[in-house]
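Below is the file data-v4.pdb, which contains PDB, C-alpha atoms, pLDDT in the B column.
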ATOM      1  CA  MET A  19      14.055 177.211 186.425  1.00 66.00           C
ATOM      2  CA  THR A  20      17.046 178.376 184.411  1.00 71.00           C
ATOM      3  CA  ARG A  21      19.416 177.288 187.187  1.00 64.00           C
ATOM      4  CA  LYS A  22      17.828 173.839 187.383  1.00 67.00           C
ATOM      5  CA  TYR A  23      18.044 173.466 183.610  1.00 58.00           C
ATOM      6  CA  GLU A  24      21.728 174.407 183.614  1.00 62.00           C
ATOM      7  CA  LEU A  25      22.460 171.932 186.397  1.00 61.00           C
ATOM      8  CA  LYS A  26      20.627 169.199 184.497  1.00 65.00           C
ATOM      9  CA  GLN A  27      22.579 169.951 181.335  1.00 75.00           C
ATOM     10  CA  ARG A  28      25.837 169.902 183.269  1.00 76.00           C
ATOM     11  CA  ALA A  29      25.003 166.569 184.899  1.00 78.00           C
ATOM     12  CA  GLU A  30      24.085 165.067 181.521  1.00 84.00           C
ATOM     13  CA  SER A  31      27.299 166.365 179.998  1.00 86.00           C
ATOM     14  CA  GLN A  32      29.373 164.885 182.820  1.00 91.00           C
ATOM     15  CA  ALA A  33      27.585 161.554 182.505  1.00 93.00           C
ATOM     16  CA  GLU A  34      28.274 161.514 178.768  1.00 95.00           C
ATOM     17  CA  THR A  35      31.947 162.315 179.327  1.00 97.00           C
ATOM     18  CA  ARG A  36      32.225 159.562 181.916  1.00 96.00           C
ATOM     19  CA  ARG A  37      30.586 157.115 179.525  1.00 97.00           C
ATOM     20  CA  ARG A  38      33.055 157.982 176.753  1.00 97.00           C
ATOM     21  CA  ILE A  39      35.991 157.499 179.114  1.00 98.00           C
ATOM     22  CA  VAL A  40      34.712 154.114 180.272  1.00 98.00           C
ATOM     23  CA  GLU A  41      33.985 152.933 176.737  1.00 97.00           C
ATOM     24  CA  ALA A  42      37.412 154.095 175.553  1.00 98.00           C
ATOM     25  CA  THR A  43      39.090 152.211 178.388  1.00 98.00           C
ATOM     26  CA  VAL A  44      37.122 149.049 177.640  1.00 97.00           C
ATOM     27  CA  GLU A  45      38.045 149.283 173.954  1.00 97.00           C
ATOM     28  CA  LEU A  46      41.740 149.651 174.777  1.00 98.00           C
ATOM     29  CA  HIS A  47      41.673 146.806 177.294  1.00 97.00           C
ATOM     30  CA  GLY A  48      40.202 144.598 174.603  1.00 96.00           C
ATOM     31  CA  SER A  49      42.715 145.619 171.944  1.00 97.00           C
ATOM     32  CA  VAL A  50      46.077 146.241 173.624  1.00 97.00           C
ATOM     33  CA  GLY A  51      45.277 144.984 177.125  1.00 97.00           C
ATOM     34  CA  PRO A  52      45.009 146.642 180.548  1.00 97.00           C
ATOM     35  CA  ALA A  53      48.780 146.735 181.148  1.00 97.00           C
ATOM     36  CA  LYS A  54      49.438 148.724 177.967  1.00 97.00           C
ATOM     37  CA  THR A  55      46.472 151.078 178.332  1.00 97.00           C
ATOM     38  CA  THR A  56      47.637 154.571 179.267  1.00 97.00           C
ATOM     39  CA  ILE A  57      45.649 157.559 180.492  1.00 97.00           C
ATOM     40  CA  SER A  58      46.874 159.496 177.456  1.00 97.00           C
ATOM     41  CA  ALA A  59      45.482 156.837 175.115  1.00 98.00           C
ATOM     42  CA  ILE A  60      42.177 156.794 176.995  1.00 98.00           C
ATOM     43  CA  ALA A  61      41.892 160.573 176.843  1.00 98.00           C
ATOM     44  CA  GLU A  62      42.684 160.658 173.129  1.00 98.00           C
ATOM     45  CA  LEU A  63      40.167 157.949 172.269  1.00 98.00           C
ATOM     46  CA  ALA A  64      37.485 159.523 174.468  1.00 97.00           C
ATOM     47  CA  GLY A  65      38.143 162.982 173.044  1.00 97.00           C
ATOM     48  CA  VAL A  66      38.974 164.578 176.394  1.00 97.00           C
ATOM     49  CA  GLN A  67      41.998 165.889 178.260  1.00 97.00           C
ATOM     50  CA  ARG A  68      44.061 163.732 180.616  1.00 97.00           C
ATOM     51  CA  LEU A  69      42.929 165.927 183.507  1.00 97.00           C
ATOM     52  CA  THR A  70      39.314 165.124 182.661  1.00 97.00           C
ATOM     53  CA  VAL A  71      40.008 161.409 182.975  1.00 98.00           C
ATOM     54  CA  TYR A  72      41.550 161.948 186.402  1.00 97.00           C
ATOM     55  CA  ARG A  73      38.667 164.192 187.429  1.00 96.00           C
ATOM     56  CA  HIS A  74      36.181 161.392 186.809  1.00 97.00           C
ATOM     57  CA  PHE A  75      38.472 158.551 187.918  1.00 97.00           C
ATOM     58  CA  PRO A  76      41.126 159.696 190.397  1.00 96.00           C
ATOM     59  CA  ASP A  77      42.702 156.241 190.717  1.00 95.00           C
ATOM     60  CA  ASP A  78      43.027 152.951 188.847  1.00 94.00           C
ATOM     61  CA  GLN A  79      40.607 151.175 191.192  1.00 94.00           C
ATOM     62  CA  SER A  80      37.680 153.458 190.363  1.00 96.00           C
ATOM     63  CA  LEU A  81      38.405 153.299 186.628  1.00 97.00           C
ATOM     64  CA  PHE A  82      38.768 149.511 186.540  1.00 96.00           C
ATOM     65  CA  ARG A  83      35.612 148.974 188.601  1.00 95.00           C
ATOM     66  CA  ALA A  84      33.626 151.172 186.244  1.00 96.00           C
ATOM     67  CA  CYS A  85      35.031 149.333 183.228  1.00 96.00           C
ATOM     68  CA  SER A  86      34.330 145.877 184.637  1.00 94.00           C
ATOM     69  CA  GLY A  87      30.786 146.921 185.510  1.00 94.00           C
ATOM     70  CA  HIS A  88      30.214 148.305 182.024  1.00 95.00           C
ATOM     71  CA  TRP A  89      31.681 145.151 180.459  1.00 94.00           C
ATOM     72  CA  ALA A  90      29.508 142.885 182.602  1.00 93.00           C
ATOM     73  CA  VAL A  91      26.358 144.686 181.489  1.00 95.00           C
ATOM     74  CA  GLN A  92      27.376 144.510 177.830  1.00 95.00           C
ATOM     75  CA  HIS A  93      28.455 140.841 178.091  1.00 96.00           C
ATOM     76  CA  PRO A  94      26.287 139.071 180.681  1.00 96.00           C
ATOM     77  CA  ARG A  95      27.658 135.739 181.858  1.00 97.00           C
ATOM     78  CA  PRO A  96      25.523 132.580 181.635  1.00 97.00           C
ATOM     79  CA  ASP A  97      23.270 132.055 184.640  1.00 97.00           C
ATOM     80  CA  PRO A  98      24.219 128.895 186.621  1.00 97.00           C
ATOM     81  CA  SER A  99      20.887 128.869 188.460  1.00 95.00           C
ATOM     82  CA  ARG A 100      19.138 127.954 185.202  1.00 95.00           C
ATOM     83  CA  TRP A 101      21.320 124.882 184.787  1.00 97.00           C
ATOM     84  CA  THR A 102      20.132 123.366 188.039  1.00 93.00           C
ATOM     85  CA  GLU A 103      16.711 122.953 186.436  1.00 94.00           C
ATOM     86  CA  VAL A 104      18.250 120.192 184.277  1.00 96.00           C
ATOM     87  CA  ALA A 105      18.061 117.036 186.412  1.00 94.00           C
ATOM     88  CA  ASP A 106      20.489 114.822 184.503  1.00 95.00           C
ATOM     89  CA  PRO A 107      24.071 115.909 185.357  1.00 95.00           C
ATOM     90  CA  THR A 108      25.446 114.942 181.939  1.00 95.00           C
ATOM     91  CA  GLU A 109      22.860 116.985 180.079  1.00 97.00           C
ATOM     92  CA  ARG A 110      23.277 119.824 182.591  1.00 97.00           C
ATOM     93  CA  LEU A 111      27.006 119.883 181.842  1.00 97.00           C
ATOM     94  CA  ARG A 112      26.311 119.877 178.110  1.00 98.00           C
ATOM     95  CA  VAL A 113      23.964 122.859 178.401  1.00 98.00           C
ATOM     96  CA  ALA A 114      26.345 124.751 180.666  1.00 98.00           C
ATOM     97  CA  LEU A 115      29.400 124.216 178.488  1.00 98.00           C
ATOM     98  CA  GLY A 116      27.450 125.239 175.400  1.00 98.00           C
ATOM     99  CA  GLU A 117      26.597 128.560 177.024  1.00 98.00           C
ATOM    100  CA  LEU A 118      30.042 129.072 178.546  1.00 98.00           C
ATOM    101  CA  TYR A 119      31.916 128.287 175.350  1.00 98.00           C
ATOM    102  CA  ALA A 120      29.689 130.665 173.369  1.00 98.00           C
ATOM    103  CA  TYR A 121      30.457 133.338 175.971  1.00 98.00           C
ATOM    104  CA  TYR A 122      34.195 132.604 175.754  1.00 98.00           C
ATOM    105  CA  ARG A 123      34.140 132.942 171.986  1.00 97.00           C
ATOM    106  CA  ALA A 124      32.284 136.251 172.151  1.00 96.00           C
ATOM    107  CA  THR A 125      34.711 137.663 174.741  1.00 97.00           C
ATOM    108  CA  GLU A 126      37.930 135.919 173.700  1.00 97.00           C
ATOM    109  CA  ALA A 127      40.029 139.030 173.026  1.00 96.00           C
ATOM    110  CA  MET A 128      39.224 140.722 176.329  1.00 96.00           C
ATOM    111  CA  SER A 129      39.560 137.520 178.360  1.00 96.00           C
ATOM    112  CA  THR A 130      42.933 136.720 176.798  1.00 97.00           C
ATOM    113  CA  ASN A 131      44.305 140.205 177.518  1.00 97.00           C
ATOM    114  CA  VAL A 132      43.020 140.278 181.086  1.00 96.00           C
ATOM    115  CA  ARG A 133      44.405 136.832 181.904  1.00 96.00           C
ATOM    116  CA  ARG A 134      47.754 137.763 180.375  1.00 97.00           C
ATOM    117  CA  ASP A 135      48.058 140.967 182.418  1.00 97.00           C
ATOM    118  CA  LEU A 136      46.493 139.671 185.633  1.00 96.00           C
ATOM    119  CA  PRO A 137      49.720 138.477 187.354  1.00 96.00           C
ATOM    120  CA  GLN A 138      51.431 141.863 187.019  1.00 96.00           C
ATOM    121  CA  MET A 139      48.512 144.124 187.973  1.00 96.00           C
ATOM    122  CA  PRO A 140      47.251 144.049 191.588  1.00 96.00           C
ATOM    123  CA  VAL A 141      44.399 146.401 190.709  1.00 94.00           C
ATOM    124  CA  LEU A 142      43.235 143.937 188.060  1.00 95.00           C
ATOM    125  CA  GLN A 143      43.475 141.103 190.563  1.00 95.00           C
ATOM    126  CA  GLU A 144      41.295 143.076 192.960  1.00 94.00           C
ATOM    127  CA  VAL A 145      38.613 143.570 190.323  1.00 92.00           C
ATOM    128  CA  ALA A 146      38.801 139.934 189.172  1.00 91.00           C
ATOM    129  CA  ALA A 147      38.334 138.712 192.741  1.00 93.00           C
ATOM    130  CA  ARG A 148      34.821 140.162 192.699  1.00 91.00           C
ATOM    131  CA  PHE A 149      33.820 137.532 190.160  1.00 91.00           C
ATOM    132  CA  ALA A 150      35.129 134.547 192.162  1.00 93.00           C
ATOM    133  CA  PRO A 151      31.685 133.803 193.697  1.00 95.00           C
ATOM    134  CA  TYR A 152      30.258 133.427 190.186  1.00 96.00           C
ATOM    135  CA  TRP A 153      32.705 130.651 189.365  1.00 95.00           C
ATOM    136  CA  ASP A 154      31.974 129.006 192.706  1.00 95.00           C
ATOM    137  CA  ASP A 155      28.310 128.937 191.648  1.00 96.00           C
ATOM    138  CA  VAL A 156      29.240 127.469 188.260  1.00 97.00           C
ATOM    139  CA  ARG A 157      31.184 124.594 189.782  1.00 94.00           C
ATOM    140  CA  ALA A 158      28.579 123.975 192.493  1.00 94.00           C
ATOM    141  CA  ALA A 159      25.808 123.706 189.900  1.00 95.00           C
ATOM    142  CA  LEU A 160      27.800 121.243 187.808  1.00 95.00           C
ATOM    143  CA  HIS A 161      29.106 119.089 190.670  1.00 92.00           C
ATOM    144  CA  ARG A 162      25.611 118.095 191.775  1.00 88.00           C
ATOM    145  CA  SER A 163      24.049 114.643 191.285  1.00 87.00           C
ATOM    146  CA  TRP A 164      27.010 112.773 189.782  1.00 89.00           C
ATOM    147  CA  LYS A 165      26.928 109.234 191.150  1.00 83.00           C
ATOM    148  CA  THR A 166      30.538 108.867 192.197  1.00 81.00           C
ATOM    149  CA  ARG A 167      32.381 108.643 195.481  1.00 80.00           C
ATOM    150  CA  GLY A 168      35.849 108.568 196.975  1.00 85.00           C
ATOM    151  CA  HIS A 169      38.806 109.202 194.699  1.00 87.00           C
ATOM    152  CA  ARG A 170      36.655 108.931 191.583  1.00 86.00           C
ATOM    153  CA  ARG A 171      34.525 111.813 192.827  1.00 88.00           C
ATOM    154  CA  LYS A 172      37.644 113.920 193.274  1.00 91.00           C
ATOM    155  CA  LEU A 173      38.684 113.139 189.707  1.00 93.00           C
ATOM    156  CA  LEU A 174      35.237 114.055 188.398  1.00 92.00           C
ATOM    157  CA  ARG A 175      35.290 117.414 190.179  1.00 93.00           C
ATOM    158  CA  ALA A 176      38.718 118.112 188.694  1.00 95.00           C
ATOM    159  CA  ALA A 177      37.426 117.192 185.236  1.00 95.00           C
ATOM    160  CA  VAL A 178      34.452 119.538 185.599  1.00 96.00           C
ATOM    161  CA  GLY A 179      36.767 122.335 186.722  1.00 95.00           C
ATOM    162  CA  HIS A 180      38.973 121.681 183.697  1.00 96.00           C
ATOM    163  CA  ALA A 181      36.002 121.637 181.336  1.00 97.00           C
ATOM    164  CA  VAL A 182      34.663 125.052 182.402  1.00 97.00           C
ATOM    165  CA  ASP A 183      38.042 126.794 182.289  1.00 97.00           C
ATOM    166  CA  PHE A 184      38.580 129.451 179.634  1.00 97.00           C
ATOM    167  CA  ASP A 185      42.022 128.105 178.762  1.00 97.00           C
ATOM    168  CA  THR A 186      40.539 124.660 178.102  1.00 98.00           C
ATOM    169  CA  TRP A 187      38.083 126.143 175.637  1.00 98.00           C
ATOM    170  CA  LYS A 188      40.824 128.231 174.031  1.00 97.00           C
ATOM    171  CA  SER A 189      43.066 125.203 173.579  1.00 97.00           C
ATOM    172  CA  LEU A 190      40.305 123.110 172.013  1.00 97.00           C
ATOM    173  CA  ALA A 191      38.582 125.774 169.934  1.00 96.00           C
ATOM    174  CA  LEU A 192      41.552 127.853 168.818  1.00 94.00           C
ATOM    175  CA  SER A 193      44.674 125.688 169.071  1.00 95.00           C
ATOM    176  CA  GLN A 194      42.963 122.421 168.050  1.00 96.00           C
ATOM    177  CA  ASP A 195      40.461 124.138 165.739  1.00 97.00           C
ATOM    178  CA  LEU A 196      37.420 122.343 167.151  1.00 97.00           C
ATOM    179  CA  SER A 197      33.947 123.797 166.844  1.00 97.00           C
ATOM    180  CA  ASP A 198      32.360 124.799 170.118  1.00 98.00           C
ATOM    181  CA  ALA A 199      29.908 121.918 169.734  1.00 98.00           C
ATOM    182  CA  ASP A 200      32.724 119.394 169.317  1.00 98.00           C
ATOM    183  CA  ALA A 201      34.628 120.882 172.248  1.00 98.00           C
ATOM    184  CA  VAL A 202      31.512 120.536 174.402  1.00 98.00           C
ATOM    185  CA  GLU A 203      31.016 116.892 173.456  1.00 97.00           C
ATOM    186  CA  LEU A 204      34.659 116.077 174.093  1.00 97.00           C
ATOM    187  CA  MET A 205      34.516 117.518 177.607  1.00 97.00           C
ATOM    188  CA  VAL A 206      31.143 115.910 178.339  1.00 97.00           C
ATOM    189  CA  SER A 207      32.583 112.553 177.256  1.00 95.00           C
ATOM    190  CA  LEU A 208      35.573 113.044 179.538  1.00 93.00           C
ATOM    191  CA  VAL A 209      33.476 113.846 182.597  1.00 92.00           C
ATOM    192  CA  SER A 210      30.701 111.317 182.027  1.00 89.00           C
ATOM    193  CA  GLY A 211      33.292 108.653 181.297  1.00 87.00           C
ATOM    194  CA  LEU A 212      34.484 108.908 184.884  1.00 83.00           C
ATOM    195  CA  GLN A 213      31.026 108.052 186.125  1.00 77.00           C
ATOM    196  CA  ALA A 214      30.741 105.160 183.683  1.00 72.00           C
ATOM    197  CA  SER A 215      34.106 103.741 184.750  1.00 66.00           C
ATOM    198  CA  ASN A 216      33.094 104.149 188.389  1.00 60.00           C
ATOM    199  CA  ARG A 217      29.979 102.051 187.770  1.00 58.00           C
ATOM    200  CA  SER A 218      31.878  99.342 185.923  1.00 54.00           C
ATOM    201  CA  SER A 219      34.576  99.109 188.588  1.00 55.00           C
ATOM    202  CA  THR A 220      32.221  99.035 191.580  1.00 54.00           C
ATOM    203  CA  GLY A 221      29.160  97.405 190.102  1.00 53.00           C
ATOM    204  CA  LYS A 222      26.981  99.922 191.949  1.00 50.00           C
ATOM    205  CA  THR A 223      26.331 103.633 192.253  1.00 43.00           C
ATOM    206  CA  GLY A 224      27.905 105.745 194.943  1.00 41.00           C
ATOM    207  CA  ASP A 225      26.576 108.501 197.092  1.00 39.00           C
ATOM    208  CA  ARG A 226      25.440 111.841 195.780  1.00 39.00           C
TER     209      ARG A 226
END
I need this file expressed as structure tokens, please.
Amino acid sequence: MTRKYELKQRAESQAETRRRIVEATVELHGSVGPAKTTISAIAELAGVQRLTVYRHFPDDQSLFRACSGHWAVQHPRPDPSRWTEVADPTERLRVALGELYAYYRATEAMSTNVRRDLPQMPVLQEVAARFAPYWDDVRAALHRSWKTRGHRRKLLRAAVGHAVDFDTWKSLALSQDLSDADAVELMVSLVSGLQASNRSSTGKTGDR
């Protein structure tokens, strides 16, 4: 019984140490950015030795995966499957952008740092690639049911892609000082305007 208790205590202690290391790394990524985060800084913030960090995370890949997983749990992304329940594509876009822009605002510091450091860090690119299917789902949900065709449909898809991009939100909300609600309405007007102009130019609706 004593042996089992000691093993349990040791496992709990290791789990706590790992948690502190991950949380310290996440905090540094959000403040100074991944590229400027050093093992020494992580160890100091976590209250452990550098060797302890390496013992739990022997390479950058394992550390970054753990951090991205922890971040995802703490900051869940909006669920695109819920948007498909909204039949009208304009209203669906409005709902989606409202949720996405709120998420961008809540995670602005981390997202800015990651995007800045992404080109120079292959390990960061590898971790970011895991989230590509999510953004495919976002665009797929928002491309549905617009009544456009041909070149106009291509323009509409490009407009939707522009509207959901983090840098678009950052430009409107931070550089142009728009509220999230105003930024949403501006992008909705841009996208829905393409459908309206398609109807006026053709006199009929296109395919789905």
Quiz item: On this structure, which residues satisfy the PyMOL selection byres ((chain A and resi 196-206) around 9), written as JSON, numbers by chain?
Solution: {"A": [108, 109, 111, 112, 113, 115, 116, 119, 120, 123, 177, 178, 180, 181, 182, 187, 190, 191, 192, 193, 194, 195, 207, 208, 209, 210, 211]}
Using all atoms listed in the file, what table do you get, as a Markdown table, when you list each residue of region 123-153 of chain A with an atom no more than 8 Å from region 78-97 of chain A, its nearest pair of atoms, and their distance in Å rounded to one decimal, rows by chain then rising number?
| residue | atom | partner | partner_atom | distance |
| --- | --- | --- | --- | --- |
| A:Thr125 | CA | A:His93 | CA | 7.8 |
| A:Val141 | CA | A:Gln79 | CA | 6.1 |
| A:Leu142 | CA | A:Phe82 | CA | 7.3 |
| A:Val145 | CA | A:Arg83 | CA | 6.4 |
Same residues, C-alpha atoms, output as a CSV table (one decimal), keeping the file's coordinate frame:
chain,number,residue,atom,x,y,z
A,125,THR,CA,34.7,137.7,174.7
A,141,VAL,CA,44.4,146.4,190.7
A,142,LEU,CA,43.2,143.9,188.1
A,145,VAL,CA,38.6,143.6,190.3
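Going from CA of Val71 (chain A) to CA of Val44 (chain A) covers 13.8 Å.
Note that the spacing between CA of Arg28 (chain A) and CA of Asp77 (chain A) amounts to 22.9 Å.
The smallest atom-to-atom distance between Arg167 (chain A) and any of A:Ile57, A:Thr130, A:Leu212, A:Arg36, using all atoms listed in the file, is found for A:Leu212.
The closest residue to Arg162 (chain A), picked from A:Glu103, A:Glu62, A:Glu30, A:Glu117 and counting only C-alpha atoms, is A:Glu103.
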Would you kindly translate the PyMOL selection byres ((chain A and resi 127) around 10) into the concrete residues it picks from this file, as a compact mmCIF listing (two decimals) with C-alpha atoms, in the coordinates of the input?
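In the end it all went to part.txt:
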# COMPACT_ATOMS: atom_id res chain seq x y z
CA HIS A 47 41.67 146.81 177.29
CA GLY A 48 40.20 144.60 174.60
CA SER A 49 42.72 145.62 171.94
CA VAL A 50 46.08 146.24 173.62
CA GLY A 51 45.28 144.98 177.12
CA TYR A 122 34.20 132.60 175.75
CA ARG A 123 34.14 132.94 171.99
CA ALA A 124 32.28 136.25 172.15
CA THR A 125 34.71 137.66 174.74
CA GLU A 126 37.93 135.92 173.70
CA MET A 128 39.22 140.72 176.33
CA SER A 129 39.56 137.52 178.36
CA THR A 130 42.93 136.72 176.80
CA ASN A 131 44.30 140.21 177.52
CA VAL A 132 43.02 140.28 181.09
Quiz item: Any idea what the distance is between CA of Gln213 (chain A) and CA of Arg171 (chain A)?
Solution: 8.4 Å
Practice problem: Expand the PyMOL selection byres ((chain A and resi 64) around 8) into the individual residues it matches in the shown file, reporting them as a PyMOL selection string. | Solution: chain A and resi 35+38-39+41-42+60-63+65-66
Residues as selected, C-alpha atoms, written as a CSV table (one decimal), in the coordinates of the input, can you do that?
chain,number,residue,atom,x,y,z
A,35,THR,CA,31.9,162.3,179.3
A,38,ARG,CA,33.1,158.0,176.8
A,39,ILE,CA,36.0,157.5,179.1
A,41,GLU,CA,34.0,152.9,176.7
A,42,ALA,CA,37.4,154.1,175.6
A,60,ILE,CA,42.2,156.8,177.0
A,61,ALA,CA,41.9,160.6,176.8
A,62,GLU,CA,42.7,160.7,173.1
A,63,LEU,CA,40.2,157.9,172.3
A,65,GLY,CA,38.1,163.0,173.0
A,66,VAL,CA,39.0,164.6,176.4
Can you tell me, as lines of an AutoDock Vina configuration file, the centre and edge lengths (Å, one decimal) of the axis-aligned box enclosing all of region 65-84 of chain A's listed atoms after padding each side by 8 Å?
center_x = 38.8
center_y = 157.5
center_z = 182.1
size_x = 26.4
size_y = 33.0
size_z = 34.1
